[in-house]
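Peer 1: Input structure: final.cif, which contains mmCIF, C-alpha atoms.
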data_input
loop_
_atom_site.label_atom_id
_atom_site.label_comp_id
_atom_site.auth_asym_id
_atom_site.auth_seq_id
_atom_site.Cartn_x
_atom_site.Cartn_y
_atom_site.Cartn_z
CA MET A 132 -17.05 -1.86 68.89
CA GLY A 133 -16.50 -2.92 65.33
CA VAL A 134 -13.94 -4.45 63.02
CA GLY A 135 -10.55 -2.90 63.80
CA GLY A 136 -11.53 -2.16 67.40
CA ARG A 137 -10.35 -4.10 70.43
CA VAL A 138 -12.12 -6.46 72.80
CA THR A 139 -10.91 -7.50 76.25
CA LEU A 140 -11.39 -11.15 77.16
CA MET A 141 -11.33 -12.62 80.64
CA ALA A 142 -10.95 -16.36 81.22
CA GLN A 143 -9.32 -18.97 83.41
CA SER A 144 -5.93 -20.30 82.27
CA ALA A 145 -5.03 -23.96 82.02
CA PHE A 146 -3.55 -23.62 85.52
CA GLY A 147 -6.70 -22.05 87.01
CA LYS A 148 -5.39 -18.48 87.13
CA PRO A 149 -7.59 -15.63 85.89
CA VAL A 150 -6.19 -14.10 82.70
CA THR A 151 -7.18 -10.93 80.85
CA ARG A 152 -5.98 -9.80 77.45
CA SER A 153 -7.04 -7.37 74.77
CA PHE A 154 -7.46 -8.68 71.20
CA PRO A 155 -8.12 -6.86 67.90
CA VAL A 156 -11.53 -7.47 66.31
CA GLY A 157 -10.97 -9.03 62.90
CA ALA A 158 -14.58 -9.81 61.99
CA LEU A 159 -18.09 -9.85 63.44
CA TYR A 160 -20.77 -12.51 63.16
CA ARG A 161 -24.42 -12.53 64.12
CA THR A 162 -26.73 -15.43 64.89
CA ASP A 163 -30.38 -15.45 65.88
CA LEU A 164 -29.36 -15.82 69.55
CA ALA A 165 -28.20 -12.48 70.95
CA SER A 166 -27.06 -14.14 74.21
CA PHE A 167 -24.78 -16.43 72.20
CA ASP A 168 -23.38 -13.52 70.20
CA ARG A 169 -22.53 -11.56 73.36
CA THR A 170 -20.64 -14.41 75.02
CA HIS A 171 -18.73 -16.21 72.25
CA VAL A 172 -15.57 -15.28 70.37
CA TYR A 173 -13.39 -17.13 67.91
CA LEU A 174 -9.60 -16.91 68.18
CA PRO A 175 -6.82 -18.44 66.13
CA LEU A 176 -5.53 -21.58 67.86
CA ALA A 177 -2.09 -20.10 68.59
CA ALA A 178 -3.63 -16.95 70.13
CA ALA A 179 -6.00 -18.98 72.30
CA GLN A 180 -3.16 -21.26 73.44
CA ALA A 181 -0.98 -18.28 74.39
CA PHE A 182 -3.91 -16.52 76.12
CA LEU A 183 -4.77 -19.59 78.23
CA ASP A 184 -1.13 -20.60 78.97
CA ALA A 185 -1.68 -23.82 77.04
CA GLU A 186 0.95 -23.67 74.29
CA GLY A 187 0.93 -26.87 72.26
CA GLU A 188 -2.33 -28.07 73.83
CA VAL A 189 -5.63 -28.69 72.09
CA THR A 190 -8.69 -29.30 74.23
CA GLU A 191 -11.39 -29.57 71.61
CA ILE A 192 -11.73 -30.40 67.95
CA ALA A 193 -15.06 -29.71 66.23
CA VAL A 194 -16.12 -31.56 63.10
CA GLN A 195 -18.90 -30.29 60.85
CA SER A 196 -21.07 -32.83 59.10
CA PRO A 197 -24.61 -33.08 57.72
CA LEU A 198 -27.19 -33.42 60.50
CA ALA A 199 -28.23 -36.93 59.46
CA ARG A 200 -24.62 -38.16 59.81
CA VAL A 201 -23.82 -36.64 63.23
CA ALA A 202 -24.82 -39.61 65.41
CA PRO A 203 -23.15 -42.31 63.25
CA LEU A 204 -19.98 -40.20 62.96
CA ALA A 205 -19.83 -39.61 66.72
CA ALA A 206 -20.34 -43.33 67.37
CA ARG A 207 -17.60 -44.26 64.89
CA LEU A 208 -15.13 -41.74 66.33
CA GLY A 209 -15.99 -42.94 69.84
CA LYS A 210 -14.99 -46.48 68.85
CA LEU A 211 -11.79 -45.40 67.06
CA LEU A 212 -10.41 -43.05 69.74
CA PRO A 213 -9.29 -44.33 73.16
CA SER A 214 -11.91 -43.34 75.74
CA ASP A 215 -9.32 -42.66 78.47
CA ARG A 216 -7.86 -39.76 76.44
CA TYR A 217 -10.73 -38.56 74.25
CA GLN A 218 -14.36 -37.72 74.76
CA VAL A 219 -16.56 -37.76 71.66
CA ARG A 220 -19.89 -35.94 71.87
CA SER A 221 -22.43 -34.86 69.30
CA TRP A 222 -23.53 -31.23 69.20
CA ALA A 223 -26.73 -32.15 71.06
CA GLU A 224 -24.70 -33.63 73.92
CA ALA A 225 -22.19 -30.77 73.95
CA ALA A 226 -24.83 -28.02 73.84
CA PRO A 227 -28.01 -29.32 75.49
CA ASP A 228 -29.26 -25.76 75.94
CA VAL A 229 -29.31 -25.28 72.16
CA ARG A 230 -31.14 -28.58 71.75
CA GLN A 231 -33.72 -27.45 74.34
CA LEU A 232 -34.08 -24.11 72.60
CA ILE A 233 -34.76 -25.86 69.28
CA ALA A 234 -37.31 -28.16 70.97
CA LEU A 235 -39.01 -25.15 72.57
CA ASN A 236 -39.11 -23.38 69.22
CA ASP A 237 -40.63 -26.45 67.56
CA ALA A 238 -43.26 -26.77 70.32
CA THR A 239 -44.11 -23.08 70.02
CA MET A 240 -44.54 -23.39 66.26
CA ASP A 241 -46.77 -26.46 66.72
CA LEU A 242 -48.94 -24.51 69.17
CA LEU A 243 -49.20 -21.54 66.79
CA ILE A 244 -50.18 -23.82 63.91
CA LEU A 245 -52.84 -25.44 66.12
CA ILE A 246 -54.23 -22.01 67.06
CA VAL A 247 -54.35 -20.88 63.41
CA PHE A 248 -56.02 -24.17 62.42
CA ALA A 249 -58.64 -23.69 65.18
CA ILE A 250 -59.34 -20.11 64.06
CA VAL A 251 -59.73 -21.17 60.42
CA THR A 252 -62.01 -24.06 61.45
CA LEU A 253 -64.20 -21.75 63.52
CA GLY A 254 -64.36 -19.27 60.64
CA ILE A 255 -65.48 -21.93 58.17
CA THR A 256 -67.99 -23.37 60.67
CA ASN A 257 -69.39 -19.91 61.35
CA THR A 258 -69.76 -19.16 57.64
CA MET A 259 -71.51 -22.47 56.94
CA SER A 260 -73.85 -22.05 59.93
CA THR A 261 -74.76 -18.53 58.84
CA VAL A 262 -75.49 -19.68 55.29
CA ILE A 263 -77.70 -22.53 56.53
CA PHE A 264 -79.63 -20.34 58.99
CA GLU A 265 -80.17 -17.66 56.33
CA ARG A 266 -81.57 -20.28 53.94
CA PHE A 267 -83.58 -22.13 56.60
CA ARG A 268 -86.92 -20.77 55.35
CA GLU A 269 -86.13 -21.61 51.70
CA ILE A 270 -85.04 -25.14 52.65
CA GLY A 271 -88.31 -25.60 54.59
CA ILE A 272 -90.41 -24.43 51.62
CA LEU A 273 -88.57 -26.79 49.24
CA ALA A 274 -89.13 -29.67 51.64
CA ALA A 275 -92.83 -28.74 51.99
CA ILE A 276 -93.42 -28.90 48.22
CA GLY A 277 -91.77 -32.33 48.10
CA THR A 278 -88.27 -31.64 46.83
CA GLY A 279 -85.87 -34.45 47.87
CA PRO A 280 -82.33 -34.12 49.19
CA GLY A 281 -80.81 -34.26 45.70
CA GLY A 282 -83.10 -31.53 44.32
CA SER A 283 -85.45 -34.00 42.60
CA SER A 284 -89.22 -34.25 43.22
CA ALA A 285 -90.25 -36.98 45.61
#
Take the structure I supplied and represent it as structure tokens, if you would.
Peer 2:
Amino acid sequence: MGVGGRVTLMAQSAFGKPVTRSFPVGALYRTDLASFDRTHVYLPLAAAQAFLDAEGEVTEIAVQSPLARVAPLAARLGKLLPSDRYQVRSWAEAAPDVRQLIALNDATMDLLILIVFAIVTLGITNTMSTVIFERFREIGILAAIGTGPGGSSA
């Protein structure tokens, strides 16, 4: 399936009936989550309304904003819009699975960094130990002839 092909969508209409319709593919997108790519489509509002028997209805409006402004914007919209008709949620509340996936990714990266740090630390420790043990005899001779820690004679 590619651009110009057709895709068949199955969903539940606004009245709870199963609906199936074929749509032309206008464009393709790819994210880093293959499971998301396989299960999500974007339709023009009018086509989605006709497909779901919901002409003139809008069930969700998404607003894009910088990440630092999401929580204040959601709080402000929540105060402005009547709560009996509208539900305002941030992306983290609307997609907790994505938030968990991001947290899991962050934890995995932290673990990998810790493992790399441990390997580097062991490598440096091993190198220093080897150098000291190889020079053990020379250090003993220098100490025996009275050389101090700074290399000066005692």
Peer 1: Need to verify the contact set: A:Gly135, 12 Å, only C-alpha atoms, exclusion of same-chain residues closer than 3 positions in sequence. Can you return it as a PDB file with C-alpha atoms, keeping the file's coordinate frame?
Peer 2:
ATOM      1  CA  MET A 132     -17.050  -1.860  68.890  1.00  0.00           C
ATOM      2  CA  VAL A 138     -12.120  -6.460  72.800  1.00  0.00           C
ATOM      3  CA  PHE A 154      -7.460  -8.680  71.200  1.00  0.00           C
ATOM      4  CA  PRO A 155      -8.120  -6.860  67.900  1.00  0.00           C
ATOM      5  CA  VAL A 156     -11.530  -7.470  66.310  1.00  0.00           C
ATOM      6  CA  GLY A 157     -10.970  -9.030  62.900  1.00  0.00           C
ATOM      7  CA  ALA A 158     -14.580  -9.810  61.990  1.00  0.00           C
ATOM      8  CA  LEU A 159     -18.090  -9.850  63.440  1.00  0.00           C
TER       9      LEU A 159
END
Peer 1: Separation of atom CA of A:Leu204 and atom CA of A:Tyr217, in Å?
Peer 2: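 Separation between atom CA of A:Leu204 and atom CA of A:Tyr217: 14.7 Å.
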Peer 1: How many Å separate atom CA of A:Ser196 from atom CA of A:Leu208?
Peer 2: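 Distance reported for this atom pair: 12.9 Å.
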Peer 1: Can you list, as a PyMOL selection string, every protein, DNA or RNA residue that comes within 12 Å of A:Glu188 when you count all atoms listed in the file, leaving out same-chain residues fewer than 4 positions away?
Peer 2: chain A and resi 145+176-184+192
Peer 1: Give the answer as one residue: which of A:Ile244, A:Ala223, A:Met141, A:Val262 has the shortest atom-to-atom distance to A:Ala205, using only C-alpha atoms?
Peer 2: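 For A:Ala205, the nearest of the given residues is A:Ala223.
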Peer 1: Rounded to one decimal place, report the atom CA of A:Met259-atom CA of A:Pro280 distance in Å.
Peer 2: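 Atom-to-atom, atom CA of A:Met259 to atom CA of A:Pro280, that is 17.7 Å.
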Peer 1: Compare A:Ser166, A:Trp222, A:Arg152, A:Leu212 by their minimum atom-to-atom distance to A:Leu140, counting all atoms listed in the file, and give me the closest one.
Peer 2: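 Ranking A:Ser166, A:Trp222, A:Arg152, A:Leu212 by distance to A:Leu140, first place goes to A:Arg152.
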Peer 1: Which residues are near stretch 232-242 of chain A? Cut-off 12 Å, all atoms listed in the file, ignore same chain within fewer than 6 positions. Put them as an mmCIF file with C-alpha atoms, in the frame of the given file.
Peer 2:
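Once everything was written out, this is around29.cif:
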data_model
loop_
_atom_site.group_PDB
_atom_site.id
_atom_site.type_symbol
_atom_site.label_atom_id
_atom_site.label_comp_id
_atom_site.auth_asym_id
_atom_site.auth_seq_id
_atom_site.Cartn_x
_atom_site.Cartn_y
_atom_site.Cartn_z
ATOM 1 C CA ASP A 163 -30.380 -15.450 65.880
ATOM 2 C CA LEU A 164 -29.360 -15.820 69.550
ATOM 3 C CA ALA A 223 -26.730 -32.150 71.060
ATOM 4 C CA ALA A 226 -24.830 -28.020 73.840
ATOM 5 C CA PHE A 248 -56.020 -24.170 62.420
ATOM 6 C CA ALA A 249 -58.640 -23.690 65.180
#
Peer 1: Will you model N, CA and C atoms for stretch 139-171 of chain A and pass it back as a CSV table (one decimal), in the frame of the given file?
Peer 2:
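Saved to rebuild.csv:
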chain,number,residue,atom,x,y,z
A,139,THR,N,-11.7,-6.9,75.1
A,139,THR,CA,-10.9,-7.5,76.2
A,139,THR,C,-11.6,-8.8,76.7
A,140,LEU,N,-10.9,-9.9,76.7
A,140,LEU,CA,-11.4,-11.2,77.2
A,140,LEU,C,-10.9,-11.5,78.5
A,141,MET,N,-11.7,-12.1,79.3
A,141,MET,CA,-11.3,-12.6,80.6
A,141,MET,C,-11.7,-14.1,80.7
A,142,ALA,N,-10.7,-14.9,81.2
A,142,ALA,CA,-11.0,-16.4,81.2
A,142,ALA,C,-10.1,-16.9,82.3
A,143,GLN,N,-10.1,-18.3,82.4
A,143,GLN,CA,-9.3,-19.0,83.4
A,143,GLN,C,-8.3,-19.8,82.6
A,144,SER,N,-7.0,-19.6,83.0
A,144,SER,CA,-5.9,-20.3,82.3
A,144,SER,C,-6.0,-21.8,82.5
A,145,ALA,N,-5.1,-22.5,81.8
A,145,ALA,CA,-5.0,-24.0,82.0
A,145,ALA,C,-4.6,-24.3,83.4
A,146,PHE,N,-4.0,-23.4,84.2
A,146,PHE,CA,-3.6,-23.6,85.5
A,146,PHE,C,-4.5,-23.1,86.6
A,147,GLY,N,-5.7,-22.6,86.1
A,147,GLY,CA,-6.7,-22.0,87.0
A,147,GLY,C,-6.6,-20.6,87.4
A,148,LYS,N,-5.6,-19.9,86.8
A,148,LYS,CA,-5.4,-18.5,87.1
A,148,LYS,C,-6.3,-17.6,86.2
A,149,PRO,N,-6.8,-16.5,86.8
A,149,PRO,CA,-7.6,-15.6,85.9
A,149,PRO,C,-6.6,-14.9,84.9
A,150,VAL,N,-7.0,-14.8,83.7
A,150,VAL,CA,-6.2,-14.1,82.7
A,150,VAL,C,-7.1,-13.1,82.0
A,151,THR,N,-6.5,-12.0,81.6
A,151,THR,CA,-7.2,-10.9,80.8
A,151,THR,C,-6.2,-10.4,79.8
A,152,ARG,N,-6.8,-10.3,78.6
A,152,ARG,CA,-6.0,-9.8,77.4
A,152,ARG,C,-6.9,-9.1,76.4
A,153,SER,N,-6.3,-8.1,75.8
A,153,SER,CA,-7.0,-7.4,74.8
A,153,SER,C,-6.7,-7.9,73.4
A,154,PHE,N,-7.7,-8.1,72.5
A,154,PHE,CA,-7.5,-8.7,71.2
A,154,PHE,C,-8.1,-7.7,70.2
A,155,PRO,N,-7.5,-7.7,69.0
A,155,PRO,CA,-8.1,-6.9,67.9
A,155,PRO,C,-9.3,-7.6,67.3
A,156,VAL,N,-10.3,-6.9,66.9
A,156,VAL,CA,-11.5,-7.5,66.3
A,156,VAL,C,-11.3,-7.6,64.8
A,157,GLY,N,-11.2,-8.8,64.3
A,157,GLY,CA,-11.0,-9.0,62.9
A,157,GLY,C,-12.2,-9.2,62.1
A,158,ALA,N,-13.3,-9.6,62.7
A,158,ALA,CA,-14.6,-9.8,62.0
A,158,ALA,C,-15.7,-9.9,63.0
A,159,LEU,N,-16.9,-9.7,62.6
A,159,LEU,CA,-18.1,-9.8,63.4
A,159,LEU,C,-19.0,-10.9,62.8
A,160,TYR,N,-19.8,-11.6,63.7
A,160,TYR,CA,-20.8,-12.5,63.2
A,160,TYR,C,-22.0,-12.3,64.0
A,161,ARG,N,-23.2,-12.7,63.4
A,161,ARG,CA,-24.4,-12.5,64.1
A,161,ARG,C,-25.3,-13.8,63.9
A,162,THR,N,-25.8,-14.3,65.0
A,162,THR,CA,-26.7,-15.4,64.9
A,162,THR,C,-28.1,-14.9,65.3
A,163,ASP,N,-29.1,-15.8,65.4
A,163,ASP,CA,-30.4,-15.4,65.9
A,163,ASP,C,-30.5,-15.4,67.4
A,164,LEU,N,-29.4,-15.8,68.1
A,164,LEU,CA,-29.4,-15.8,69.6
A,164,LEU,C,-28.4,-14.7,70.1
A,165,ALA,N,-29.0,-13.6,70.5
A,165,ALA,CA,-28.2,-12.5,71.0
A,165,ALA,C,-27.3,-12.9,72.2
A,166,SER,N,-27.8,-13.7,73.0
A,166,SER,CA,-27.1,-14.1,74.2
A,166,SER,C,-25.8,-14.9,73.8
A,167,PHE,N,-25.9,-15.7,72.7
A,167,PHE,CA,-24.8,-16.4,72.2
A,167,PHE,C,-23.8,-15.4,71.6
A,168,ASP,N,-24.3,-14.5,70.8
A,168,ASP,CA,-23.4,-13.5,70.2
A,168,ASP,C,-22.6,-12.7,71.2
A,169,ARG,N,-23.2,-12.4,72.3
A,169,ARG,CA,-22.5,-11.6,73.4
A,169,ARG,C,-21.5,-12.3,74.1
A,170,THR,N,-21.5,-13.6,74.1
A,170,THR,CA,-20.6,-14.4,75.0
A,170,THR,C,-19.7,-15.3,74.3
A,171,HIS,N,-19.6,-15.3,73.0
A,171,HIS,CA,-18.7,-16.2,72.2
A,171,HIS,C,-17.8,-15.4,71.3
